[in-house]
Amino acid sequence: MTLHRRAVLAGAIALSISGLSHGQDKEIPVGVFNSLTGTYAFGGVPIQNGMKLALEEANAKGLPGGNKFRIVEADTAGDKGQTISLVNQFVKRDNAMLILGPTVSADALGAAPVANDLKVPILAIGSSPGILATGPWAFKIQATPVDIMGYLGKLAVERLGVKRIVLLHDQSNDGYIGQKDALADYLRKAGVTIAADEKFVSADSNFLALATKVATIPTDAIFIAAPAEVAANLILQIRQAGLDPKVKFVGPSTLGSAGFVKAGGKAVEGTYFVSDYSPNDPSPMNQAFVKAYQAKYKSVPDNWAAMGYALGQVAVQAVRNAGPSPDRTKIRDELARLNKVPMVLGNGTWSVDAGRNPSYGGVLLQVKAGNFVTVQ
């Protein structure tokens with residue numbers, strides 16, 4: 001082999017490994033990973049389903065240059081170390097041009113610095129602004145706590161007449177901490193008394209001591225920020241501890257999960273929460289999504305299925321904008337430019353501010369007869 005041919009071959013191999021070219025097969029490898037098992041599977045499974053649906057629909061419609069997404073799936077199991085390892089595998093083994101996920105802020109805050117080091121764009125679920133602060137290769141789909149929790153605060157003050165509230169949150173997740181802090185700030189400014197501010201960890205299952213304490217505190221409402229099944233279990237135990245039935249439960253979008261209703265049953269009836277999404281949205285885009293999701297997964301999409309699908313919509317738009325020969329840098333640059341993207345969350349448009357923080361409005365829902373009903 002001549003020196004020139006060796007140089008050409010070496011250059012081609014290096015180009016392929018770096019993700020700067022996807023060769024002649026027109027494949028765009030995409031790493032898709034969420035918590036398919038573990039504490040956050042209530043959200044991770046439907047998120048992953050929604051992501052895949054968006055990518056598969058894009059393949060069916062066609063991408064510039066005849067490209068096709070090649071989906072490489074993985075399970076983070078809600079483990080930060082495993083999440084970091086998977087980022088490395090996606091890049092070094094699968095030559096991924098783009099990574100979608102993981103499910104929660106805690107894992108995303110581990111994954112994003114690695115993606116930045118490897119110079120691969122990552123579009124994560126998670127409300128923590130810290131995800132964006134890790135570097136220019138990191139993006140997130142979910143609105144910041146301050147943006148979304150104002151909708152719940154307004155409901156509590158103006159609609160529910162809350163004067164006193166108990167705040168409970170899972171201290172092992174930065175997203176839940178941020179949601180609790182954002183709501184507390186809104187309510188204090190509105191003159192609401194914070195009767196108690198208690199923390200716990202989602203790994204617990206026996207909340208007897210906490211439930212007994214909370215059930216005796218005079219309050220109008222109880223806010224819980226935790227994984228869906230954990231929040232449902234805590235509500236059940238607080239009610240069993242003798243809570244006044246007049247006290248209302250409120251929470252963040254975590255509660256917009258089928259797992260919340262399944263785990264809590266009658267105990268979670270009447271719970272109010274702010275959601276990123278409503279399956280009742282009559283827009284043509286949402287109705288098409290609901291129909292496609294039901295056909296593929298045999299269930300109505302919940303908040304997390306829609307979050308995954310919306311993330312997929314944003315990713316697809318960035319890849320389309322990158323043209324017929326996308327690479328990691330082009331996709332990253334297009335993600336950074338995106339704004340006012342039509343999608344199924346909130347008011348139907350995903351917008352970002354100068355700091356790349358997304359917003360799309362909030363939807364207020366209540367659990368009634370085991371279903372999620374829009375608060376009018």
# chains A, B, ... in the order shown; residues from 1 in each chain; ligands from 1

call {"tool": "residues_around", "arguments": {"residues": "Asp117 of chain A", "least_positions_apart": "2", "cutoff": "10 Å", "atoms": "only C-alpha atoms", "output": "MDAnalysis selection string"}}
result
chainID A and resid 112:115 119:120 134:135 137

call {"tool": "write_last_selection", "arguments": {"atoms": "all heavy atoms", "output": "mmCIF file, in the first residue's frame"}}
result
data_model
loop_
_atom_site.group_PDB
_atom_site.id
_atom_site.type_symbol
_atom_site.label_atom_id
_atom_site.label_comp_id
_atom_site.auth_asym_id
_atom_site.auth_seq_id
_atom_site.Cartn_x
_atom_site.Cartn_y
_atom_site.Cartn_z
ATOM 1 N N ALA A 112 -24.116 15.087 30.530
ATOM 2 C CA ALA A 112 -23.830 16.268 29.717
ATOM 3 C C ALA A 112 -22.352 16.655 29.690
ATOM 4 O O ALA A 112 -21.821 16.979 28.620
ATOM 5 C CB ALA A 112 -24.694 17.438 30.175
ATOM 6 N N PRO A 113 -21.634 16.645 30.824
ATOM 7 C CA PRO A 113 -20.208 16.991 30.756
ATOM 8 C C PRO A 113 -19.414 16.029 29.880
ATOM 9 O O PRO A 113 -18.472 16.452 29.187
ATOM 10 C CB PRO A 113 -19.760 16.904 32.224
ATOM 11 C CG PRO A 113 -20.997 17.115 33.018
ATOM 12 C CD PRO A 113 -22.084 16.463 32.223
ATOM 13 N N VAL A 114 -19.778 14.755 29.892
ATOM 14 C CA VAL A 114 -19.092 13.765 29.063
ATOM 15 C C VAL A 114 -19.375 14.035 27.593
ATOM 16 O O VAL A 114 -18.470 13.990 26.744
ATOM 17 C CB VAL A 114 -19.529 12.331 29.440
ATOM 18 C CG1 VAL A 114 -18.775 11.311 28.605
ATOM 19 C CG2 VAL A 114 -19.305 12.074 30.918
ATOM 20 N N ALA A 115 -20.631 14.329 27.270
ATOM 21 C CA ALA A 115 -20.987 14.658 25.889
ATOM 22 C C ALA A 115 -20.230 15.889 25.410
ATOM 23 O O ALA A 115 -19.768 15.945 24.263
ATOM 24 C CB ALA A 115 -22.496 14.884 25.783
ATOM 25 N N LYS A 119 -17.629 16.042 22.428
ATOM 26 C CA LYS A 119 -18.142 16.880 21.342
ATOM 27 C C LYS A 119 -19.231 16.182 20.517
ATOM 28 O O LYS A 119 -19.174 16.100 19.297
ATOM 29 C CB LYS A 119 -17.003 17.359 20.449
ATOM 30 C CG LYS A 119 -16.069 18.344 21.152
ATOM 31 C CD LYS A 119 -14.969 18.842 20.246
ATOM 32 C CE LYS A 119 -14.224 20.019 20.867
ATOM 33 N NZ LYS A 119 -13.783 19.809 22.258
ATOM 34 N N VAL A 120 -20.230 15.693 21.251
ATOM 35 C CA VAL A 120 -21.415 15.119 20.624
ATOM 36 C C VAL A 120 -22.633 15.817 21.228
ATOM 37 O O VAL A 120 -22.707 15.996 22.447
ATOM 38 C CB VAL A 120 -21.501 13.595 20.846
ATOM 39 C CG1 VAL A 120 -21.556 13.247 22.322
ATOM 40 C CG2 VAL A 120 -22.701 13.004 20.121
ATOM 41 N N THR A 134 -23.321 22.971 31.495
ATOM 42 C CA THR A 134 -22.176 22.065 31.331
ATOM 43 C C THR A 134 -21.400 22.336 30.048
ATOM 44 O O THR A 134 -20.264 21.892 29.921
ATOM 45 C CB THR A 134 -22.624 20.591 31.327
ATOM 46 O OG1 THR A 134 -23.526 20.368 30.234
ATOM 47 C CG2 THR A 134 -23.316 20.229 32.641
ATOM 48 N N GLY A 135 -22.002 23.044 29.091
ATOM 49 C CA GLY A 135 -21.268 23.361 27.874
ATOM 50 C C GLY A 135 -22.155 23.459 26.649
ATOM 51 O O GLY A 135 -23.354 23.150 26.698
ATOM 52 N N TRP A 137 -22.522 21.768 23.959
ATOM 53 C CA TRP A 137 -23.038 20.566 23.296
ATOM 54 C C TRP A 137 -24.261 20.000 24.008
ATOM 55 O O TRP A 137 -24.846 19.012 23.563
ATOM 56 C CB TRP A 137 -21.950 19.495 23.198
ATOM 57 C CG TRP A 137 -20.820 19.899 22.311
ATOM 58 C CD1 TRP A 137 -19.734 20.669 22.641
ATOM 59 C CD2 TRP A 137 -20.659 19.578 20.925
ATOM 60 N NE1 TRP A 137 -18.915 20.847 21.555
ATOM 61 C CE2 TRP A 137 -19.447 20.181 20.484
ATOM 62 C CE3 TRP A 137 -21.402 18.830 20.008
ATOM 63 C CZ2 TRP A 137 -18.978 20.062 19.169
ATOM 64 C CZ3 TRP A 137 -20.937 18.707 18.707
ATOM 65 C CH2 TRP A 137 -19.747 19.315 18.292
#

call {"tool": "residues_around", "arguments": {"residues": "segment 242-248 of chain A", "least_positions_apart": "2", "cutoff": "9 Å", "atoms": "only C-alpha atoms", "output": "compact mmCIF listing (two decimals) with all heavy atoms, in the first residue's frame"}}
result
# COMPACT_ATOMS: atom_id res chain seq x y z
N LEU A 160 -57.65 27.68 44.14
CA LEU A 160 -57.88 26.81 45.30
C LEU A 160 -57.92 27.58 46.62
O LEU A 160 -58.28 27.00 47.65
CB LEU A 160 -56.79 25.73 45.36
CG LEU A 160 -56.65 24.86 44.10
CD1 LEU A 160 -55.58 23.80 44.31
CD2 LEU A 160 -57.97 24.23 43.72
N ALA A 211 -45.34 10.82 57.23
CA ALA A 211 -46.78 10.90 56.98
C ALA A 211 -47.55 11.29 58.24
O ALA A 211 -48.47 12.12 58.19
CB ALA A 211 -47.29 9.56 56.45
N THR A 212 -47.17 10.71 59.36
CA THR A 212 -47.83 11.01 60.64
C THR A 212 -47.63 12.47 61.01
O THR A 212 -48.57 13.15 61.46
CB THR A 212 -47.27 10.11 61.75
OG1 THR A 212 -47.48 8.73 61.39
CG2 THR A 212 -47.95 10.40 63.08
N VAL A 214 -46.91 15.05 58.92
CA VAL A 214 -47.58 15.93 57.95
C VAL A 214 -49.09 15.94 58.16
O VAL A 214 -49.75 16.98 58.05
CB VAL A 214 -47.24 15.50 56.51
CG1 VAL A 214 -48.12 16.23 55.50
CG2 VAL A 214 -45.77 15.76 56.22
N ALA A 215 -49.66 14.78 58.49
CA ALA A 215 -51.11 14.67 58.64
C ALA A 215 -51.66 15.53 59.77
O ALA A 215 -52.85 15.86 59.78
CB ALA A 215 -51.49 13.21 58.87
N THR A 216 -50.79 15.91 60.72
CA THR A 216 -51.25 16.70 61.87
C THR A 216 -50.98 18.19 61.72
O THR A 216 -51.37 18.97 62.59
CB THR A 216 -50.54 16.20 63.16
OG1 THR A 216 -49.13 16.37 63.02
CG2 THR A 216 -50.85 14.73 63.41
N ILE A 217 -50.33 18.60 60.64
CA ILE A 217 -50.01 20.02 60.44
C ILE A 217 -51.21 20.74 59.82
O ILE A 217 -51.70 20.31 58.77
CB ILE A 217 -48.79 20.18 59.51
CG1 ILE A 217 -47.55 19.54 60.14
CG2 ILE A 217 -48.52 21.66 59.23
CD1 ILE A 217 -46.34 19.53 59.22
N PRO A 218 -51.70 21.79 60.44
CA PRO A 218 -52.81 22.55 59.85
C PRO A 218 -52.38 23.15 58.50
O PRO A 218 -51.41 23.91 58.43
CB PRO A 218 -53.08 23.66 60.88
CG PRO A 218 -52.52 23.13 62.17
CD PRO A 218 -51.32 22.32 61.76
N THR A 219 -53.08 22.79 57.45
CA THR A 219 -52.70 23.26 56.12
C THR A 219 -53.89 23.16 55.16
O THR A 219 -54.84 22.39 55.41
CB THR A 219 -51.51 22.45 55.56
OG1 THR A 219 -51.05 23.05 54.36
CG2 THR A 219 -51.89 21.00 55.30
N ASP A 220 -53.82 23.91 54.08
CA ASP A 220 -54.84 23.84 53.04
C ASP A 220 -54.45 22.89 51.92
O ASP A 220 -55.30 22.35 51.21
CB ASP A 220 -55.08 25.23 52.43
CG ASP A 220 -55.52 26.25 53.45
OD1 ASP A 220 -56.43 25.93 54.24
OD2 ASP A 220 -54.95 27.36 53.48
N ALA A 221 -53.13 22.72 51.73
CA ALA A 221 -52.65 21.90 50.62
C ALA A 221 -51.30 21.30 50.94
O ALA A 221 -50.56 21.80 51.81
CB ALA A 221 -52.56 22.74 49.34
N ILE A 222 -50.97 20.23 50.24
CA ILE A 222 -49.67 19.57 50.37
C ILE A 222 -49.10 19.41 48.96
O ILE A 222 -49.75 18.84 48.08
CB ILE A 222 -49.80 18.20 51.05
CG1 ILE A 222 -50.35 18.35 52.47
CG2 ILE A 222 -48.44 17.49 51.07
CD1 ILE A 222 -50.68 17.04 53.15
N PHE A 223 -47.90 19.91 48.79
CA PHE A 223 -47.19 19.78 47.51
C PHE A 223 -46.16 18.66 47.63
O PHE A 223 -45.41 18.60 48.60
CB PHE A 223 -46.48 21.09 47.18
CG PHE A 223 -45.49 20.99 46.04
CD1 PHE A 223 -45.92 21.03 44.72
CD2 PHE A 223 -44.13 20.86 46.29
CE1 PHE A 223 -45.01 20.95 43.67
CE2 PHE A 223 -43.21 20.78 45.26
CZ PHE A 223 -43.65 20.82 43.94
N GLN A 237 -50.08 7.06 52.33
CA GLN A 237 -49.71 6.94 53.74
C GLN A 237 -50.14 8.17 54.55
O GLN A 237 -50.52 8.05 55.72
CB GLN A 237 -48.20 6.70 53.86
CG GLN A 237 -47.78 5.35 53.32
CD GLN A 237 -46.32 5.01 53.63
OE1 GLN A 237 -45.83 5.26 54.72
NE2 GLN A 237 -45.63 4.43 52.65
N ILE A 238 -50.09 9.34 53.94
CA ILE A 238 -50.54 10.55 54.65
C ILE A 238 -52.05 10.48 54.90
O ILE A 238 -52.53 10.83 55.99
CB ILE A 238 -50.19 11.82 53.84
CG1 ILE A 238 -48.67 12.01 53.79
CG2 ILE A 238 -50.84 13.05 54.47
CD1 ILE A 238 -48.23 13.13 52.86
N ARG A 239 -52.81 10.01 53.93
CA ARG A 239 -54.25 9.87 54.13
C ARG A 239 -54.54 8.84 55.22
O ARG A 239 -55.42 9.02 56.06
CB ARG A 239 -54.93 9.47 52.82
CG ARG A 239 -54.97 10.59 51.78
CD ARG A 239 -56.03 10.31 50.73
NE ARG A 239 -56.04 11.28 49.66
CZ ARG A 239 -56.56 12.51 49.71
NH1 ARG A 239 -57.11 12.92 50.85
NH2 ARG A 239 -56.53 13.31 48.67
N GLN A 240 -53.80 7.73 55.19
CA GLN A 240 -54.00 6.69 56.20
C GLN A 240 -53.64 7.18 57.60
O GLN A 240 -54.16 6.66 58.59
CB GLN A 240 -53.16 5.46 55.85
CG GLN A 240 -53.67 4.71 54.62
CD GLN A 240 -52.74 3.59 54.19
OE1 GLN A 240 -51.56 3.57 54.55
NE2 GLN A 240 -53.26 2.65 53.42
N VAL A 250 -51.21 18.84 45.57
CA VAL A 250 -50.79 19.46 44.32
C VAL A 250 -49.37 18.99 44.02
O VAL A 250 -48.63 18.57 44.92
CB VAL A 250 -50.84 21.00 44.39
CG1 VAL A 250 -52.26 21.49 44.63
CG2 VAL A 250 -49.90 21.53 45.47
N GLY A 270 -58.55 13.60 42.83
CA GLY A 270 -58.65 15.02 43.13
C GLY A 270 -57.33 15.76 43.11
O GLY A 270 -57.31 16.99 43.22
N THR A 271 -56.21 15.06 42.97
CA THR A 271 -54.90 15.70 42.95
C THR A 271 -54.78 16.65 41.75
O THR A 271 -55.15 16.31 40.63
CB THR A 271 -53.77 14.65 42.86
OG1 THR A 271 -53.83 13.81 44.02
CG2 THR A 271 -52.40 15.33 42.81
N TYR A 272 -54.27 17.85 42.02
CA TYR A 272 -54.01 18.83 40.97
C TYR A 272 -52.52 18.82 40.63
O TYR A 272 -51.68 18.67 41.53
CB TYR A 272 -54.37 20.24 41.42
CG TYR A 272 -55.84 20.49 41.64
CD1 TYR A 272 -56.44 20.26 42.89
CD2 TYR A 272 -56.64 21.00 40.62
CE1 TYR A 272 -57.79 20.52 43.10
CE2 TYR A 272 -57.99 21.26 40.82
CZ TYR A 272 -58.56 21.02 42.06
OH TYR A 272 -59.90 21.27 42.27

call {"tool": "closest_residue", "arguments": {"among": "A:Leu187, A:Val316, A:Val268, A:Ala226", "to": "Phe200 of chain A", "atoms": "only C-alpha atoms"}}
result
A:Ala226

call {"tool": "select_by_dssp", "arguments": {"residues": "segment 223-297 of chain A", "states": "alpha helix (DSSP H)", "output": "CSV table (one decimal) with N, CA, C and O atoms, in the first residue's frame"}}
result
chain,number,residue,atom,x,y,z
A,228,ALA,N,-43.4,9.3,40.3
A,228,ALA,CA,-44.8,9.1,40.4
A,228,ALA,C,-45.3,8.1,41.4
A,228,ALA,O,-46.2,8.4,42.2
A,229,GLU,N,-44.7,6.9,41.4
A,229,GLU,CA,-45.1,5.9,42.3
A,229,GLU,C,-44.8,6.3,43.8
A,229,GLU,O,-45.5,6.0,44.7
A,230,VAL,N,-43.7,7.0,44.0
A,230,VAL,CA,-43.2,7.4,45.3
A,230,VAL,C,-44.2,8.4,45.8
A,230,VAL,O,-44.7,8.4,47.0
A,231,ALA,N,-44.6,9.4,45.0
A,231,ALA,CA,-45.6,10.4,45.4
A,231,ALA,C,-46.9,9.8,45.7
A,231,ALA,O,-47.5,10.2,46.7
A,232,ALA,N,-47.3,8.8,44.9
A,232,ALA,CA,-48.6,8.2,45.2
A,232,ALA,C,-48.6,7.4,46.5
A,232,ALA,O,-49.5,7.5,47.3
A,233,ASN,N,-47.5,6.7,46.8
A,233,ASN,CA,-47.3,6.0,48.0
A,233,ASN,C,-47.3,6.9,49.2
A,233,ASN,O,-48.0,6.6,50.3
A,234,LEU,N,-46.7,8.1,49.1
A,234,LEU,CA,-46.7,9.0,50.2
A,234,LEU,C,-48.0,9.6,50.4
A,234,LEU,O,-48.5,9.8,51.6
A,235,ILE,N,-48.8,9.9,49.4
A,235,ILE,CA,-50.1,10.4,49.5
A,235,ILE,C,-51.0,9.4,50.3
A,235,ILE,O,-51.8,9.7,51.2
A,236,LEU,N,-50.9,8.2,49.8
A,236,LEU,CA,-51.7,7.1,50.5
A,236,LEU,C,-51.4,7.0,52.0
A,236,LEU,O,-52.3,6.9,52.8
A,237,GLN,N,-50.1,7.1,52.3
A,237,GLN,CA,-49.7,6.9,53.7
A,237,GLN,C,-50.1,8.2,54.6
A,237,GLN,O,-50.5,8.0,55.7
A,238,ILE,N,-50.1,9.3,53.9
A,238,ILE,CA,-50.5,10.6,54.6
A,238,ILE,C,-52.0,10.5,54.9
A,238,ILE,O,-52.5,10.8,56.0
A,239,ARG,N,-52.8,10.0,53.9
A,239,ARG,CA,-54.2,9.9,54.1
A,239,ARG,C,-54.5,8.8,55.2
A,239,ARG,O,-55.4,9.0,56.1
A,240,GLN,N,-53.8,7.7,55.2
A,240,GLN,CA,-54.0,6.7,56.2
A,240,GLN,C,-53.6,7.2,57.6
A,240,GLN,O,-54.2,6.7,58.6
A,258,ALA,N,-49.3,7.5,34.1
A,258,ALA,CA,-50.3,6.5,34.4
A,258,ALA,C,-49.9,5.7,35.6
A,258,ALA,O,-50.7,5.2,36.4
A,259,GLY,N,-48.6,5.7,35.9
A,259,GLY,CA,-48.1,5.0,37.1
A,259,GLY,C,-48.6,5.6,38.4
A,259,GLY,O,-48.7,5.0,39.4
A,260,PHE,N,-48.8,6.9,38.4
A,260,PHE,CA,-49.2,7.7,39.6
A,260,PHE,C,-50.6,7.2,39.9
A,260,PHE,O,-50.9,6.9,41.1
A,261,VAL,N,-51.5,7.2,39.0
A,261,VAL,CA,-52.9,6.7,39.2
A,261,VAL,C,-53.0,5.3,39.6
A,261,VAL,O,-53.7,4.9,40.5
A,262,LYS,N,-52.2,4.5,38.9
A,262,LYS,CA,-52.2,3.0,39.2
A,262,LYS,C,-51.7,2.7,40.6
A,262,LYS,O,-52.3,1.9,41.3
A,263,ALA,N,-50.7,3.4,41.0
A,263,ALA,CA,-50.1,3.2,42.3
A,263,ALA,C,-50.9,3.8,43.5
A,263,ALA,O,-51.0,3.2,44.6
A,264,GLY,N,-51.6,4.9,43.2
A,264,GLY,CA,-52.3,5.6,44.2
A,264,GLY,C,-53.8,5.3,44.3
A,264,GLY,O,-54.4,5.4,45.4
A,284,PRO,N,-54.6,19.5,15.6
A,284,PRO,CA,-54.3,18.3,14.7
A,284,PRO,C,-53.0,17.6,15.0
A,284,PRO,O,-53.0,16.4,14.9
A,285,MET,N,-52.0,18.3,15.3
A,285,MET,CA,-50.7,17.7,15.6
A,285,MET,C,-50.8,16.7,16.8
A,285,MET,O,-50.3,15.6,16.7
A,286,ASN,N,-51.5,17.2,17.9
A,286,ASN,CA,-51.6,16.3,19.0
A,286,ASN,C,-52.5,15.1,18.7
A,286,ASN,O,-52.2,14.0,19.2
A,287,GLN,N,-53.6,15.4,18.0
A,287,GLN,CA,-54.5,14.3,17.8
A,287,GLN,C,-53.9,13.2,16.9
A,287,GLN,O,-54.1,12.0,17.1
A,288,ALA,N,-53.0,13.6,16.0
A,288,ALA,CA,-52.3,12.7,15.1
A,288,ALA,C,-51.3,11.9,16.0
A,288,ALA,O,-51.1,10.7,15.8
A,289,PHE,N,-50.6,12.6,17.0
A,289,PHE,CA,-49.7,11.9,17.9
A,289,PHE,C,-50.4,10.9,18.7
A,289,PHE,O,-50.0,9.8,18.9
A,290,VAL,N,-51.6,11.3,19.3
A,290,VAL,CA,-52.3,10.4,20.2
A,290,VAL,C,-52.7,9.1,19.4
A,290,VAL,O,-52.6,8.0,19.9
A,291,LYS,N,-53.2,9.3,18.2
A,291,LYS,CA,-53.6,8.2,17.3
A,291,LYS,C,-52.4,7.3,17.0
A,291,LYS,O,-52.6,6.0,17.1
A,292,ALA,N,-51.3,7.8,16.7
A,292,ALA,CA,-50.1,7.0,16.3
A,292,ALA,C,-49.6,6.3,17.5
A,292,ALA,O,-49.2,5.1,17.4
A,293,TYR,N,-49.6,7.0,18.7
A,293,TYR,CA,-49.0,6.4,19.9
A,293,TYR,C,-49.9,5.2,20.4
A,293,TYR,O,-49.4,4.1,20.7
A,294,GLN,N,-51.2,5.4,20.3
A,294,GLN,CA,-52.2,4.4,20.7
A,294,GLN,C,-52.0,3.2,19.8
A,294,GLN,O,-52.1,2.0,20.2
A,295,ALA,N,-51.9,3.4,18.5
A,295,ALA,CA,-51.8,2.3,17.5
A,295,ALA,C,-50.5,1.5,17.8
A,295,ALA,O,-50.5,0.3,17.7
A,296,LYS,N,-49.4,2.2,18.2
A,296,LYS,CA,-48.1,1.5,18.4
A,296,LYS,C,-48.0,0.9,19.7
A,296,LYS,O,-47.5,-0.3,19.9
A,297,TYR,N,-48.4,1.6,20.8
A,297,TYR,CA,-48.2,1.1,22.2
A,297,TYR,C,-49.4,0.8,22.9
A,297,TYR,O,-49.3,0.4,24.1

call {"tool": "select_by_dssp", "arguments": {"residues": "segment 6-215 of chain A", "states": "strand (DSSP E)", "output": "VMD selection string"}}
result
chain A and resid 27 to 34 68 to 75 98 to 100 122 to 124 138 to 140 164 to 170 193 to 200

call {"tool": "residues_around", "arguments": {"residues": "Trp350 of chain A", "least_positions_apart": "5", "cutoff": "8 Å", "atoms": "only C-alpha atoms", "output": "PyMOL selection string"}}
result
chain A and resi 339-343+345+358-360

call {"tool": "write_last_selection", "arguments": {"atoms": "N, CA and C atoms", "output": "compact mmCIF listing (two decimals), in the first residue's frame"}}
result
# COMPACT_ATOMS: atom_id res chain seq x y z
N ASN A 339 -35.74 27.67 17.42
CA ASN A 339 -36.64 28.47 18.26
C ASN A 339 -38.02 28.42 17.62
N LYS A 340 -39.05 28.51 18.44
CA LYS A 340 -40.43 28.50 17.96
C LYS A 340 -40.72 27.26 17.10
N VAL A 341 -40.37 26.11 17.66
CA VAL A 341 -40.60 24.84 16.96
C VAL A 341 -41.99 24.31 17.30
N PRO A 342 -42.83 24.00 16.31
CA PRO A 342 -44.15 23.41 16.59
C PRO A 342 -43.98 22.03 17.22
N MET A 343 -44.72 21.79 18.30
CA MET A 343 -44.64 20.50 18.98
C MET A 343 -45.84 20.31 19.88
N LEU A 345 -46.24 19.84 23.21
CA LEU A 345 -46.29 20.26 24.61
C LEU A 345 -46.98 21.62 24.76
N PRO A 358 -35.71 26.51 27.58
CA PRO A 358 -36.95 26.33 26.83
C PRO A 358 -38.19 26.80 27.61
N SER A 359 -39.22 27.14 26.85
CA SER A 359 -40.53 27.40 27.45
C SER A 359 -41.60 27.02 26.43
N TYR A 360 -42.76 26.62 26.93
CA TYR A 360 -43.86 26.21 26.05
C TYR A 360 -45.21 26.31 26.76

call {"tool": "closest_atom_pairs", "arguments": {"of": "segment 304-371 of chain A", "to": "segment 66-80 of chain A", "cutoff": "12 Å", "atoms": "only C-alpha atoms", "output": "tab-separated table"}}
result
residue	atom	partner	partner_atom	distance
A:Gly312	CA	A:Phe69	CA	11.4
A:Ala315	CA	A:Phe69	CA	11.0
A:Val316	CA	A:Phe69	CA	9.3
A:Val319	CA	A:Phe69	CA	9.8
A:Arg320	CA	A:Asn67	CA	9.7
A:Ala322	CA	A:Asn67	CA	11.5
A:Gly323	CA	A:Asn67	CA	9.7
A:Pro324	CA	A:Asn67	CA	7.2
A:Ser325	CA	A:Asn67	CA	8.5
A:Pro326	CA	A:Asn67	CA	9.2
A:Asp327	CA	A:Asn67	CA	11.9

call {"tool": "atom_distance", "arguments": {"atom1": "atom CA of Lys180 of chain A", "atom2": "atom CA of Glu198 of chain A"}}
result
10.3 Å

call {"tool": "atom_distance", "arguments": {"atom1": "atom CA of Ala138 of chain A", "atom2": "atom CA of Gly178 of chain A"}}
result
19.0 Å

call {"tool": "atom_distance", "arguments": {"atom1": "atom CA of Gly126 of chain A", "atom2": "atom CA of Gly348 of chain A"}}
result
18.8 Å

call {"tool": "residues_around", "arguments": {"residues": "Val91 of chain A", "least_positions_apart": "5", "cutoff": "8 Å", "atoms": "only C-alpha atoms", "output": "list of chain:residue names"}}
result
A:Gly19, A:Ala96, A:Met97, A:Leu118, A:Val120

call {"tool": "residues_around", "arguments": {"residues": "Ala108 of chain A", "least_positions_apart": "2", "cutoff": "9 Å", "atoms": "only C-alpha atoms", "output": "VMD selection string"}}
result
chain A and resid 80 83 to 84 101 to 106 110 to 113 124 to 126 128 131

call {"tool": "residues_around", "arguments": {"residues": "Asp276 of chain A", "least_positions_apart": "4", "cutoff": "10 Å", "atoms": "only C-alpha atoms", "output": "list of chain:residue names"}}
result
A:Gln142, A:Ala143, A:Ile148, A:Pro252, A:Ser253, A:Thr254, A:Gly256, A:Asp302, A:Asn303, A:Trp304, A:Ala306, A:Met307, A:Val344, A:Leu345, A:Gly346, A:Asn347, A:Ser359, A:Tyr360, A:Gly361, A:Gly362, A:Val363, A:Leu364, A:Leu365

call {"tool": "closest_residue", "arguments": {"among": "A:Tyr186, A:Phe139, A:Phe207, A:Phe90", "to": "Leu168 of chain A", "atoms": "only C-alpha atoms"}}
result
A:Phe207

call {"tool": "residues_around", "arguments": {"residues": "Tyr176 of chain A", "least_positions_apart": "3", "cutoff": "6 Å", "atoms": "only C-alpha atoms", "output": "MDAnalysis selection string"}}
result
chainID A and resid 173 179 225

call {"tool": "write_last_selection", "arguments": {"atoms": "N, CA, C and O atoms", "output": "JSON list (two decimals), in the first residue's frame"}}
result
[["chain", "number", "residue", "atom", "x", "y", "z"],
["A", 173, "ASN", "N", -32.91, 14.51, 43.85],
["A", 173, "ASN", "CA", -33.07, 14.92, 42.46],
["A", 173, "ASN", "C", -33.07, 16.44, 42.38],
["A", 173, "ASN", "O", -33.92, 17.10, 42.97],
["A", 179, "GLN", "N", -38.02, 22.55, 41.53],
["A", 179, "GLN", "CA", -39.47, 22.75, 41.45],
["A", 179, "GLN", "C", -40.02, 23.22, 42.79],
["A", 179, "GLN", "O", -40.85, 24.15, 42.84],
["A", 225, "ALA", "N", -43.09, 16.73, 45.34],
["A", 225, "ALA", "CA", -42.25, 16.59, 44.14],
["A", 225, "ALA", "C", -41.40, 15.34, 44.32],
["A", 225, "ALA", "O", -40.47, 15.31, 45.13]]

call {"tool": "closest_residue", "arguments": {"among": "A:Asp181, A:Glu27, A:Val157, A:Leu311", "to": "Leu63 of chain A", "atoms": "only C-alpha atoms"}}
result
A:Glu27

call {"tool": "closest_residue", "arguments": {"among": "A:Leu155, A:Val367, A:Ala184, A:Val32", "to": "Lys52 of chain A", "atoms": "only C-alpha atoms"}}
result
A:Val32

call {"tool": "closest_residue", "arguments": {"among": "A:Asp353, A:Asp204, A:Asp94, A:Asp281", "to": "Gly31 of chain A", "atoms": "only C-alpha atoms"}}
result
A:Asp94

call {"tool": "closest_residue", "arguments": {"among": "A:Val162, A:Ala305, A:Val201, A:Ala196", "to": "Pro279 of chain A", "atoms": "only C-alpha atoms"}}
result
A:Ala305
